[in-house]
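Quick look at protein-v2.txt (compact mmCIF, C-alpha atoms):
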```txt
# COMPACT_ATOMS: atom_id res chain seq x y z
CA MET A 1 -133.35 -29.75 -59.81
CA SER A 2 -136.85 -29.16 -58.38
CA THR A 3 -137.60 -26.05 -56.42
CA GLU A 4 -138.92 -27.86 -53.36
CA SER A 5 -135.96 -30.18 -52.94
CA SER A 6 -133.20 -27.75 -53.79
CA LEU A 7 -134.12 -24.42 -52.17
CA LEU A 8 -132.94 -25.20 -48.64
CA PRO A 9 -129.68 -26.95 -49.70
CA ALA A 10 -128.96 -24.07 -52.08
CA PHE A 11 -129.49 -21.53 -49.29
CA LEU A 12 -127.31 -23.47 -46.85
CA GLY A 13 -124.56 -23.85 -49.45
CA ALA A 14 -124.68 -20.15 -50.31
CA LEU A 15 -124.69 -19.28 -46.60
CA GLU A 16 -121.60 -21.42 -46.05
CA GLY A 17 -119.89 -19.62 -48.89
CA SER A 18 -120.88 -16.20 -47.52
CA ILE A 19 -119.63 -17.11 -44.05
CA SER A 20 -116.32 -18.19 -45.60
CA VAL A 21 -116.03 -14.74 -47.17
CA LEU A 22 -116.91 -13.07 -43.87
CA LEU A 23 -114.31 -15.12 -41.96
CA THR A 24 -111.63 -14.07 -44.45
CA LEU A 25 -112.63 -10.46 -43.85
CA PHE A 26 -112.63 -11.03 -40.10
CA ALA A 27 -109.09 -12.41 -40.19
CA GLY A 28 -107.88 -9.26 -41.90
CA PHE A 29 -109.90 -7.15 -39.46
CA CYS A 30 -108.18 -8.82 -36.49
CA ILE A 31 -104.75 -8.23 -38.00
CA GLY A 32 -105.61 -4.56 -38.47
CA ARG A 33 -106.86 -4.20 -34.90
CA MET A 34 -103.73 -5.87 -33.56
CA GLY A 35 -101.63 -3.26 -35.33
CA LEU A 36 -99.58 -5.78 -37.32
CA LEU A 37 -100.26 -3.79 -40.49
CA ASP A 38 -100.35 0.00 -40.54
CA HIS A 39 -102.11 2.27 -43.01
CA ALA A 40 -99.09 2.66 -45.30
CA SER A 41 -98.48 -1.10 -45.43
CA VAL A 42 -102.11 -1.84 -46.25
CA ARG A 43 -102.07 0.73 -49.05
CA ARG A 44 -98.92 -0.81 -50.53
CA ILE A 45 -100.33 -4.35 -50.40
CA SER A 46 -103.62 -3.17 -51.90
CA LYS A 47 -101.65 -1.44 -54.65
CA VAL A 48 -99.75 -4.66 -55.37
CA CYS A 49 -103.04 -6.55 -55.51
CA SER A 50 -104.63 -4.16 -58.01
CA SER A 51 -101.48 -3.49 -60.08
CA VAL A 52 -99.88 -6.97 -60.17
CA PHE A 53 -102.05 -9.79 -58.82
CA LEU A 54 -105.31 -8.72 -60.49
CA PRO A 55 -103.79 -8.11 -63.96
CA CYS A 56 -102.13 -11.54 -63.84
CA LEU A 57 -105.44 -13.13 -62.84
CA ILE A 58 -107.20 -11.32 -65.71
CA ILE A 59 -104.68 -12.58 -68.27
CA GLU A 60 -104.75 -16.13 -66.92
CA GLN A 61 -108.55 -16.40 -66.60
CA MET A 62 -109.82 -14.24 -69.46
CA GLY A 63 -107.28 -15.22 -72.12
CA PRO A 64 -108.59 -18.76 -72.73
CA GLU A 65 -112.20 -17.53 -72.91
CA LEU A 66 -111.75 -14.50 -75.18
CA THR A 67 -112.00 -16.33 -78.47
CA ILE A 68 -114.08 -15.03 -81.38
CA SER A 69 -116.81 -17.62 -80.82
CA ASN A 70 -117.03 -16.97 -77.06
CA ILE A 71 -117.12 -13.17 -77.35
CA SER A 72 -120.20 -13.43 -79.55
CA LYS A 73 -121.89 -15.40 -76.76
CA ILE A 74 -120.90 -13.49 -73.59
CA TRP A 75 -121.40 -9.91 -74.82
CA ILE A 76 -124.30 -9.57 -72.38
CA VAL A 77 -121.91 -9.66 -69.39
CA PRO A 78 -120.05 -6.38 -70.09
CA VAL A 79 -123.19 -4.74 -71.45
CA TRP A 80 -125.15 -5.58 -68.30
CA GLY A 81 -122.16 -4.45 -66.23
CA VAL A 82 -122.33 -0.99 -67.84
CA VAL A 83 -126.14 -0.75 -67.69
CA SER A 84 -126.37 -1.90 -64.06
CA THR A 85 -123.56 0.46 -63.02
CA ILE A 86 -125.28 3.43 -64.63
CA LEU A 87 -128.60 2.43 -63.08
CA SER A 88 -127.17 2.04 -59.57
CA HIS A 89 -125.41 5.41 -59.83
CA LEU A 90 -128.73 6.95 -60.85
CA LEU A 91 -130.37 5.38 -57.80
CA GLY A 92 -127.61 6.86 -55.66
CA TRP A 93 -128.12 10.26 -57.27
CA LEU A 94 -131.87 9.97 -56.64
CA GLY A 95 -131.22 9.33 -52.96
CA GLN A 96 -128.85 12.28 -52.77
CA VAL A 97 -131.42 14.62 -54.31
CA VAL A 98 -134.49 13.37 -52.44
CA PHE A 99 -133.00 12.68 -49.02
CA LYS A 100 -130.19 15.27 -49.17
CA THR A 101 -127.53 12.66 -48.42
CA PRO A 102 -123.80 13.30 -48.98
CA HIS A 103 -122.58 12.84 -52.53
CA TRP A 104 -120.49 9.80 -51.58
CA VAL A 105 -123.77 7.87 -51.46
CA ILE A 106 -123.85 8.06 -55.27
CA VAL A 107 -120.57 6.15 -55.51
CA ALA A 108 -121.44 3.81 -52.62
CA ALA A 109 -124.69 2.85 -54.31
CA GLY A 110 -123.17 2.66 -57.78
CA ARG A 111 -120.01 0.60 -57.27
CA PRO A 112 -120.30 -2.91 -55.80
CA ASN A 113 -117.34 -5.07 -54.83
CA SER A 114 -117.18 -6.69 -58.24
CA SER A 115 -113.85 -8.48 -57.95
CA ALA A 116 -112.61 -10.16 -54.77
CA LEU A 117 -115.99 -10.73 -53.10
CA PRO A 118 -117.80 -12.51 -55.97
CA LEU A 119 -114.65 -14.43 -56.89
CA LEU A 120 -114.24 -15.75 -53.36
CA LEU A 121 -117.96 -16.44 -53.13
CA LEU A 122 -117.83 -18.45 -56.37
CA GLN A 123 -114.94 -20.50 -54.99
CA SER A 124 -116.99 -21.26 -51.88
CA LEU A 125 -120.06 -22.18 -53.95
CA GLU A 126 -117.91 -24.50 -56.03
CA SER A 127 -116.55 -26.23 -52.93
CA THR A 128 -120.09 -26.77 -51.57
CA GLY A 129 -121.29 -28.18 -54.90
CA ILE A 130 -123.85 -25.44 -55.53
CA LEU A 131 -122.07 -24.17 -58.63
CA ASN A 132 -122.49 -27.54 -60.34
CA HIS A 133 -126.23 -26.87 -60.61
CA LEU A 134 -125.39 -24.17 -63.16
CA ALA A 135 -123.53 -26.45 -65.55
CA SER A 136 -125.07 -26.88 -68.97
CA SER A 137 -125.68 -30.36 -70.28
CA ASP A 138 -123.04 -29.98 -73.01
CA ALA A 139 -120.49 -28.06 -70.90
CA ASP A 140 -117.46 -29.32 -69.04
CA SER A 141 -118.37 -28.93 -65.37
CA SER A 142 -114.70 -29.10 -64.35
CA LYS A 143 -114.11 -25.75 -66.10
CA LEU A 144 -117.20 -24.09 -64.63
CA LEU A 145 -115.35 -22.08 -61.97
CA SER A 146 -112.72 -20.92 -64.46
CA ARG A 147 -115.43 -19.70 -66.84
CA ALA A 148 -117.24 -17.93 -64.02
CA LYS A 149 -114.05 -16.15 -62.95
CA SER A 150 -113.34 -14.99 -66.49
CA TYR A 151 -116.82 -13.48 -66.84
CA ILE A 152 -116.54 -11.73 -63.46
CA LEU A 153 -113.13 -10.30 -64.36
CA LEU A 154 -114.48 -9.02 -67.67
CA ASN A 155 -117.01 -7.02 -65.69
CA VAL A 156 -114.28 -5.84 -63.27
CA VAL A 157 -112.43 -4.08 -66.09
CA ILE A 158 -115.60 -2.28 -67.16
CA GLN A 159 -116.59 -1.13 -63.68
CA GLN A 160 -113.11 -0.03 -62.64
CA SER A 161 -112.79 2.12 -65.75
CA ILE A 162 -116.11 3.83 -64.94
CA THR A 163 -115.30 4.29 -61.26
CA PHE A 164 -111.88 5.85 -61.78
CA GLN A 165 -113.44 8.46 -64.05
CA LEU A 166 -116.57 9.32 -62.05
CA ALA A 167 -115.82 8.77 -58.36
CA PRO A 168 -113.23 11.52 -57.66
CA SER A 169 -115.32 14.29 -59.24
CA ILE A 170 -118.43 13.13 -57.36
CA LEU A 171 -116.71 12.96 -53.97
CA HIS A 172 -115.21 16.42 -54.48
CA LEU A 173 -118.78 17.75 -54.29
CA ASP A 174 -118.87 16.93 -50.57
CA ASP A 175 -117.60 18.99 -47.65
CA GLY A 176 -114.04 19.61 -48.91
CA PRO A 177 -110.90 19.06 -46.83
CA SER A 178 -111.24 16.80 -43.82
CA ALA A 179 -109.96 17.47 -40.35
CA HIS A 180 -106.79 15.59 -41.21
CA ALA A 181 -106.01 17.62 -44.34
CA ASP A 182 -102.79 19.06 -42.97
CA GLU A 183 -101.44 15.60 -42.22
CA GLU A 184 -102.31 14.31 -45.68
CA LEU A 185 -101.17 17.21 -47.85
CA GLY A 186 -97.69 17.53 -46.40
CA PRO A 187 -95.57 20.68 -46.14
CA ALA A 188 -97.52 22.68 -48.72
CA SER A 189 -100.56 22.66 -46.42
CA LEU A 190 -98.63 24.55 -43.73
CA ALA A 191 -98.80 27.85 -45.65
CA PRO A 192 -101.49 30.21 -44.35
CA ALA A 193 -104.24 31.09 -46.78
CA SER A 194 -103.67 34.82 -46.40
CA ARG A 195 -100.03 34.78 -47.49
CA LYS A 196 -99.05 34.25 -51.12
CA PRO A 197 -95.63 33.05 -52.16
CA THR A 198 -93.58 35.82 -53.67
CA GLY A 199 -91.09 33.66 -55.54
CA SER A 200 -91.64 33.71 -59.30
CA LEU A 201 -90.29 31.57 -62.09
CA ASN A 202 -91.58 33.67 -64.92
CA PRO A 203 -90.07 34.05 -67.48
CA ILE A 204 -87.38 31.55 -66.47
CA VAL A 205 -87.59 28.35 -64.44
CA GLN A 206 -84.53 28.96 -62.26
CA ASP A 207 -81.33 30.95 -62.46
CA ARG A 208 -77.96 30.50 -60.78
CA GLU A 209 -78.13 33.62 -58.67
CA ARG A 210 -81.50 33.26 -57.02
CA VAL A 211 -83.33 30.47 -55.15
CA GLY A 212 -86.89 30.82 -56.35
CA LEU A 213 -88.55 29.13 -53.37
CA LEU A 214 -87.17 31.61 -50.79
CA ASP A 215 -87.92 35.29 -50.19
CA ASP A 216 -85.07 37.82 -49.91
CA TYR A 217 -85.40 38.64 -46.21
CA ASP A 218 -83.25 41.23 -44.47
CA VAL A 219 -80.88 39.65 -41.99
CA HIS A 220 -81.94 42.25 -39.40
CA ALA A 221 -85.48 40.82 -39.48
CA TYR A 222 -84.30 37.87 -37.36
CA GLY A 223 -84.14 38.02 -33.60
CA ALA A 224 -81.39 36.82 -31.32
CA ASN A 225 -82.78 33.31 -31.24
CA GLY A 226 -82.50 32.96 -35.00
CA GLN A 227 -86.29 33.17 -35.59
CA ARG A 228 -88.00 35.72 -37.79
CA GLU A 229 -89.89 38.33 -35.82
CA ASP A 230 -93.15 37.56 -37.59
CA GLY A 231 -92.59 33.83 -36.93
CA ASN A 232 -93.67 32.83 -40.45
CA PHE A 233 -91.46 30.84 -42.81
CA SER A 234 -94.28 28.97 -44.51
CA ALA A 235 -94.04 30.86 -47.80
CA ALA A 236 -90.91 28.89 -48.65
CA LEU A 237 -92.96 25.70 -48.37
CA SER A 238 -95.77 26.87 -50.64
CA ALA A 239 -96.33 25.44 -54.08
CA ILE A 240 -94.59 27.15 -56.99
CA GLN A 241 -97.21 29.23 -58.78
CA ASP A 242 -95.48 29.95 -62.08
CA GLN A 243 -94.58 26.58 -63.56
CA PRO A 244 -93.21 26.01 -67.07
CA ASP A 245 -95.83 25.35 -69.73
CA VAL A 246 -94.49 22.19 -71.33
CA HIS A 247 -96.12 20.88 -74.50
CA TRP A 248 -95.35 18.26 -77.11
CA PRO A 249 -93.35 19.30 -80.21
CA LYS A 250 -95.36 21.18 -82.81
CA ARG A 251 -95.21 18.34 -85.32
CA VAL A 252 -97.13 15.99 -82.99
CA HIS A 253 -98.98 18.61 -80.94
CA PHE A 254 -102.29 17.60 -82.57
CA ALA A 255 -102.06 14.18 -80.86
CA GLU A 256 -101.28 15.47 -77.35
CA LYS A 257 -104.82 15.86 -76.04
CA PRO A 258 -106.20 12.59 -77.51
CA VAL A 259 -103.25 10.58 -76.21
CA LYS A 260 -103.48 12.10 -72.73
CA ALA A 261 -107.22 11.49 -72.68
CA VAL A 262 -106.68 7.83 -73.54
CA MET A 263 -103.91 7.48 -70.95
CA ASN A 264 -106.29 8.75 -68.27
CA TRP A 265 -108.44 5.68 -68.93
CA ILE A 266 -105.57 3.20 -68.92
CA SER A 267 -105.17 1.15 -65.75
CA PRO A 268 -103.31 -2.11 -65.01
CA PRO A 269 -106.53 -4.21 -65.21
CA LEU A 270 -107.47 -2.61 -68.54
CA THR A 271 -103.95 -3.22 -69.88
CA ALA A 272 -104.19 -6.85 -68.78
CA ALA A 273 -107.58 -7.18 -70.47
CA ILE A 274 -106.11 -5.88 -73.74
CA ILE A 275 -103.26 -8.41 -73.47
CA ALA A 276 -105.74 -11.20 -72.74
CA LEU A 277 -107.84 -10.14 -75.73
CA VAL A 278 -104.82 -10.22 -78.06
CA LEU A 279 -103.67 -13.60 -76.77
CA GLY A 280 -107.18 -15.02 -76.96
CA MET A 281 -108.18 -13.69 -80.38
CA ILE A 282 -105.04 -14.70 -82.30
CA PRO A 283 -105.09 -18.51 -82.70
CA PRO A 284 -101.30 -19.09 -82.78
CA LEU A 285 -100.82 -17.03 -79.60
CA HIS A 286 -103.83 -18.66 -77.96
CA ASP A 287 -102.39 -22.10 -78.67
CA ALA A 288 -98.89 -21.10 -77.56
CA PHE A 289 -99.89 -19.59 -74.21
CA PHE A 290 -103.00 -21.57 -73.21
CA ASN A 291 -102.34 -25.06 -74.55
CA LYS A 292 -101.05 -27.11 -71.62
CA ASP A 293 -98.72 -29.11 -73.86
CA THR A 294 -96.65 -26.11 -74.95
CA ALA A 295 -93.44 -24.83 -73.37
CA LEU A 296 -94.79 -21.28 -72.97
CA TYR A 297 -97.73 -22.56 -70.92
CA SER A 298 -95.48 -24.51 -68.56
CA SER A 299 -93.23 -21.50 -68.00
CA VAL A 300 -94.82 -18.13 -68.72
CA THR A 301 -98.53 -18.89 -68.32
CA GLN A 302 -98.01 -21.02 -65.23
CA SER A 303 -96.02 -18.26 -63.51
CA ILE A 304 -98.73 -15.73 -64.38
CA GLU A 305 -101.31 -18.12 -62.95
CA ASN A 306 -99.35 -18.56 -59.73
CA ILE A 307 -99.19 -14.79 -59.22
CA GLY A 308 -102.81 -14.22 -60.19
CA GLU A 309 -104.13 -16.81 -57.75
CA LEU A 310 -102.76 -14.66 -54.91
CA TYR A 311 -105.31 -11.94 -55.63
CA VAL A 312 -108.64 -13.22 -54.34
CA ALA A 313 -107.82 -14.22 -50.75
CA THR A 314 -105.20 -11.46 -50.33
CA GLN A 315 -107.55 -8.72 -51.51
CA MET A 316 -110.41 -9.85 -49.25
CA PHE A 317 -107.97 -10.10 -46.34
CA ILE A 318 -106.78 -6.55 -47.02
CA VAL A 319 -110.38 -5.35 -47.24
CA GLY A 320 -110.89 -6.59 -43.68
CA THR A 321 -107.70 -4.85 -42.59
CA GLN A 322 -108.78 -1.61 -44.25
CA ILE A 323 -112.07 -1.70 -42.36
CA ALA A 324 -110.14 -2.07 -39.09
CA ILE A 325 -107.79 0.87 -39.66
CA LEU A 326 -110.09 3.36 -41.39
CA PRO A 327 -109.96 6.63 -39.43
CA GLY A 328 -112.87 7.99 -37.42
CA VAL A 329 -115.49 5.30 -38.05
CA LYS A 330 -118.83 7.05 -37.48
CA PRO A 331 -121.71 5.62 -39.55
CA GLN A 332 -124.57 7.94 -40.39
CA PHE A 333 -127.93 6.20 -40.34
CA GLY A 334 -129.57 7.85 -43.35
CA PRO A 335 -126.77 7.57 -45.93
CA THR A 336 -125.77 4.10 -44.69
CA ALA A 337 -129.33 2.77 -44.77
CA TYR A 338 -130.03 4.11 -48.26
CA SER A 339 -126.75 2.83 -49.70
CA MET A 340 -127.38 -0.63 -48.26
CA LEU A 341 -130.95 -0.55 -49.56
CA VAL A 342 -129.61 -0.05 -53.08
CA ARG A 343 -126.79 -2.55 -52.77
CA PHE A 344 -128.62 -5.40 -51.02
CA LEU A 345 -132.25 -4.96 -52.14
CA LEU A 346 -132.90 -2.70 -55.12
CA MET A 347 -130.06 -3.80 -57.43
CA PRO A 348 -130.47 -7.53 -56.67
CA GLY A 349 -134.21 -7.08 -57.27
CA VAL A 350 -133.61 -5.34 -60.60
CA SER A 351 -131.14 -8.06 -61.64
CA LEU A 352 -133.51 -10.87 -60.69
CA LEU A 353 -136.32 -9.18 -62.62
CA PHE A 354 -134.07 -8.66 -65.65
CA VAL A 355 -133.00 -12.32 -65.75
CA TRP A 356 -136.54 -13.55 -65.12
CA ALA A 357 -137.89 -11.41 -67.98
CA THR A 358 -135.15 -11.98 -70.58
CA ALA A 359 -133.33 -15.28 -69.96
CA GLY A 360 -134.08 -18.15 -72.31
CA ARG A 361 -135.79 -16.02 -74.95
CA GLY A 362 -132.92 -16.20 -77.42
CA TRP A 363 -131.86 -12.59 -76.91
CA TYR A 364 -128.52 -13.68 -75.47
CA VAL A 365 -126.73 -16.92 -74.64
CA ASP A 366 -128.71 -19.77 -73.06
CA ASP A 367 -126.24 -20.46 -70.27
CA LYS A 368 -127.33 -20.84 -66.64
CA LEU A 369 -123.93 -19.70 -65.41
CA VAL A 370 -124.19 -16.44 -67.34
CA TRP A 371 -127.72 -15.88 -66.07
CA PHE A 372 -126.61 -16.41 -62.48
CA LEU A 373 -123.69 -14.02 -62.86
CA LEU A 374 -126.03 -11.35 -64.23
CA VAL A 375 -127.74 -11.50 -60.84
CA LEU A 376 -124.49 -11.58 -58.87
CA ILE A 377 -122.62 -8.78 -60.68
CA PRO A 378 -124.59 -5.73 -59.41
CA SER A 379 -125.23 -7.09 -55.89
CA GLY A 380 -123.44 -6.94 -52.57
CA PRO A 381 -121.55 -4.36 -50.49
CA SER A 382 -119.72 -1.43 -52.02
CA ALA A 383 -116.12 -1.68 -53.16
CA MET A 384 -113.41 -0.63 -50.71
CA LEU A 385 -112.19 1.56 -53.56
CA LEU A 386 -114.64 4.11 -52.15
CA ALA A 387 -112.42 4.62 -49.10
CA SER A 388 -109.30 5.04 -51.25
CA VAL A 389 -110.96 7.59 -53.50
CA ALA A 390 -112.30 9.47 -50.46
CA GLU A 391 -108.77 9.69 -49.09
CA LEU A 392 -107.44 11.03 -52.39
CA ALA A 393 -110.34 13.50 -52.66
CA ASN A 394 -109.58 14.62 -49.08
CA VAL A 395 -113.18 14.43 -47.81
CA ASP A 396 -114.35 13.32 -44.37
CA GLN A 397 -113.76 9.56 -44.30
CA GLY A 398 -115.61 8.89 -41.02
CA PRO A 399 -119.12 8.34 -42.43
CA ILE A 400 -117.72 6.39 -45.40
CA ALA A 401 -115.67 4.15 -43.10
CA GLY A 402 -118.74 3.59 -40.93
CA TYR A 403 -120.86 2.64 -43.93
CA LEU A 404 -118.28 0.20 -45.30
CA THR A 405 -117.91 -1.44 -41.88
CA VAL A 406 -121.66 -1.97 -41.54
CA SER A 407 -122.14 -3.11 -45.15
CA TYR A 408 -119.49 -5.82 -44.94
CA MET A 409 -120.96 -7.04 -41.65
CA PHE A 410 -124.11 -7.74 -43.66
CA SER A 411 -122.26 -9.54 -46.48
CA PRO A 412 -123.84 -12.92 -45.51
CA LEU A 413 -127.04 -11.49 -47.03
CA MET A 414 -125.45 -12.48 -50.33
CA ALA A 415 -126.59 -16.01 -49.45
CA VAL A 416 -130.18 -14.85 -49.99
CA VAL A 417 -129.26 -13.22 -53.30
CA CYS A 418 -127.48 -16.38 -54.48
CA THR A 419 -130.41 -18.57 -53.46
CA LEU A 420 -132.95 -16.40 -55.28
CA GLY A 421 -130.65 -16.26 -58.29
CA LEU A 422 -130.43 -20.05 -58.42
CA LEU A 423 -134.18 -20.28 -58.03
CA VAL A 424 -134.88 -17.89 -60.93
CA VAL A 425 -132.24 -19.44 -63.19
CA ASN A 426 -133.41 -23.01 -62.69
CA ASN A 427 -137.07 -22.08 -63.18
CA VAL A 428 -136.52 -20.46 -66.58
CA PRO A 429 -137.37 -23.64 -68.57
CA GLN A 430 -140.63 -24.14 -66.60
CA ARG A 431 -141.57 -20.49 -67.03
CA LEU A 432 -141.11 -20.59 -70.79
CA SER A 433 -142.81 -23.96 -71.31
```
Translate the structure described by the file into structure tokens.
Amino acid sequence: MSTESSLLPAFLGALEGSISVLLTLFAGFCIGRMGLLDHASVRRISKVCSSVFLPCLIIEQMGPELTISNISKIWIVPVWGVVSTILSHLLGWLGQVVFKTPHWVIVAAGRPNSSALPLLLLQSLESTGILNHLASSDADSSKLLSRAKSYILLNVVIQQSITFQLAPSILHLDDGPSAHADEELGPASLAPASRKPTGSLNPIVQDRERVGLLDDYDVHAYGANGQREDGNFSAALSAIQDQPDVHWPKRVHFAEKPVKAVMNWISPPLTAAIIALVLGMIPPLHDAFFNKDTALYSSVTQSIENIGELYVATQMFIVGTQIAILPGVKPQFGPTAYSMLVRFLLMPGVSLLFVWATAGRGWYVDDKLVWFLLVLIPSGPSAMLLASVAELANVDQGPIAGYLTVSYMFSPLMAVVCTLGLLVVNNVPQRLS
């Protein structure tokens, strides 16, 4: 398609898709504001999405594509996912050093919404017909969306593994416990810092004559109203200091640290990706689970597909709800502006330049869809995972909540990114001729 005749329709189609994404977010935002879902409910639904719906979607979408021949063609997708993630984190670190921003800017700049947002955007682009412009002459256009989803999900596994390892340690560098720390930490946070628990479990864990969590107070220390004269019972609620040192048996002790290190990397999406890889790489299993004429496809695979299809819309809906109920929304101009600069300008610019300079030269697959996804993968607002990690790290969530609210309000800017991506991808043959 020529540049002159296709630029405006491509922009309008991408804008329609972006508005569809924004309306899904807005619906969730309204539900959150109405109080129909509280914080605990949203966390549970989000957990179901990431632990059940997303793994099922990964198995259903990635399994058919992870054959030996396809892996040799699409290696650029996970490699670019790793490279772009490292680069965006470095840009975030640069902003933190130069402009003295909070450390959460490193994660905000480095981790885009790489799952629900691009998946929903691709669905909208497919419905407007824009995605058909990326079909190769020898490819089945009816399977274009399915292929695009599988490539996006392959990148999701890579980025989630990186985020879960880096984000908590980075956010812990910020201002420490938030104003709501006592509410979040539970009874153990009620103990004053100056008082240390006197109960000890060393050298035994517990005996039958003594309750290790309680001090042996004299009964005369209590007043007539049943309260201690010093008014302090918090030591009984403090954490146990001397805990048993439990290790694996000596015969397998050598494997304890490696196994625990590997388990720290394991997540439901990564487990699903391993299952999809096994099913895709072994021809008998691939035929049994992904051939529509088999009994396993009609029963097992179809049920996995039904569950997986719940992920995209549900997750984007919950993202909108999370924005509505995040505590103490107070955006800070400097950190918010820099994070959005990286997410909506610098990383899309780097991706466009990378595709323009490398696509069609035989260094990786000549596939317009893959080229377009290389532009889409590092672009867009930050993942809502940032808010969840901030809550776990117990840092001030107000500025982070403010940034996420503003960044998702600007999500229609993805229409510009999509339009420029289509323009670069479709001009590759003319540039090389």
- Message: Restricting the calculation to all atoms listed in the file: of A:Asp293, A:Gly320, A:Ile377, A:Gly95, which residue gets closest to Val156 in chain A?
- Response: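 Smallest separation from Val156 in chain A among the options: A:Ile377.
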- Query: Pick the closest to Leu144 in chain A from A:Leu173, A:Val52, A:Ile130, A:Leu90: which is it, counting only C-alpha atoms?
  - Reply: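 Among the listed residues, A:Ile130 lies closest to Leu144 in chain A.
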- Task: Find, counting only C-alpha atoms, the residue in A:Leu352, A:Ile58, A:Leu346, A:Val82 that gets nearest to Ser146 in chain A.
- Result: A:Ile58
- Can you list, as a list in words, every protein, DNA or RNA residue that comes within 12 Å of Trp248 in chain A when you count all atoms listed in the file, leaving out same-chain residues fewer than 6 positions away? Phe254, Ala255, Glu256, Lys257, Val259 and Lys260 of chain A
- Pick from A:Pro168, A:Pro249, A:Gly63, A:Gly421, whichever lies nearest to Val107 in chain A using only C-alpha atoms: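 Selected residue with least distance to Val107 in chain A: A:Pro168.
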- Message: Nearest residue to Glu60 in chain A out of A:Lys100, A:Arg147, A:Arg251, A:His89, using all atoms listed in the file?
- Response: A:Arg147
- Rank nothing, just name the residue among A:Gly334, A:Pro412, A:Gly362, A:Pro348 nearest to Thr101 in chain A, using all atoms listed in the file.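 For Thr101 in chain A, the nearest of the candidates is A:Gly334.
CA of Thr67 in chain A sits 7.9 Å away from CA of Leu277 in chain A.
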Report the centre and edge lengths, in Å to one decimal, of an axis-aligned box enclosing every atom of range 7-21 of chain A listed in the file, padded by 3 Å on each side, as AutoDock Vina command-line options.
```
--center_x -125.1 --center_y -20.8 --center_z -48.1 --size_x 24.1 --size_y 18.2 --size_z 14.1
```
- Note on the structure: note - CA of Thr405 in chain A and CA of Ile323 in chain A are separated by 5.9 Å
- May I ask for the distance between CA of Ala108 in chain A and CA of Ser339 in chain A, given in Å to one decimal place?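 Answer for the CA of Ala108 in chain A to CA of Ser339 in chain A separation: 6.1 Å.
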List as a short mmCIF file (atom, residue, chain, number, x, y, z; two decimals) with C-alpha atoms, keeping the file's coordinate frame the protein and nucleic acid residues near Leu8 in chain A, meaning an atom at most 12 Å away when only C-alpha atoms are counted, but skip any in the same chain fewer than 4 places from it.
```cif
data_model
loop_
_atom_site.label_atom_id
_atom_site.label_comp_id
_atom_site.auth_asym_id
_atom_site.auth_seq_id
_atom_site.Cartn_x
_atom_site.Cartn_y
_atom_site.Cartn_z
CA SER A 2 -136.85 -29.16 -58.38
CA THR A 3 -137.60 -26.05 -56.42
CA GLU A 4 -138.92 -27.86 -53.36
CA LEU A 12 -127.31 -23.47 -46.85
CA GLY A 13 -124.56 -23.85 -49.45
CA ALA A 14 -124.68 -20.15 -50.31
CA LEU A 15 -124.69 -19.28 -46.60
CA ILE A 130 -123.85 -25.44 -55.53
CA ALA A 415 -126.59 -16.01 -49.45
CA VAL A 416 -130.18 -14.85 -49.99
CA CYS A 418 -127.48 -16.38 -54.48
CA THR A 419 -130.41 -18.57 -53.46
CA LEU A 420 -132.95 -16.40 -55.28
CA LEU A 422 -130.43 -20.05 -58.42
CA LEU A 423 -134.18 -20.28 -58.03
#
```
- Message: Taking 5 positions as the minimum chain separation for residues in the same chain, which residues sit within 12 Å of Ile162 in chain A when counting all atoms listed in the file? Answer as an MDAnalysis selection string.
- Response: chainID A and resid 81:86 89 107 110:111 155:157 167:169 264:267 270
- Task: For range 32-46 of chain A, list every protein, DNA or RNA residue within 9 Å, evaluated using all atoms listed in the file, and leave out those in the same chain fewer than 6 positions away; present the list as a ChimeraX atom specification.
- Result: /A:314-315,318-326,388
With only C-alpha atoms as the counted atoms, please give the residues lying no more than 8 Å from Ser18 in chain A, apart from itself and same-chain residues fewer than 5 positions off, as a compact mmCIF listing (two decimals) with C-alpha atoms, in the frame of the given file.
```txt
# COMPACT_ATOMS: atom_id res chain seq x y z
CA LEU A 121 -117.96 -16.44 -53.13
CA SER A 124 -116.99 -21.26 -51.88
CA SER A 411 -122.26 -9.54 -46.48
CA PRO A 412 -123.84 -12.92 -45.51
CA LEU A 413 -127.04 -11.49 -47.03
CA MET A 414 -125.45 -12.48 -50.33
CA ALA A 415 -126.59 -16.01 -49.45
```
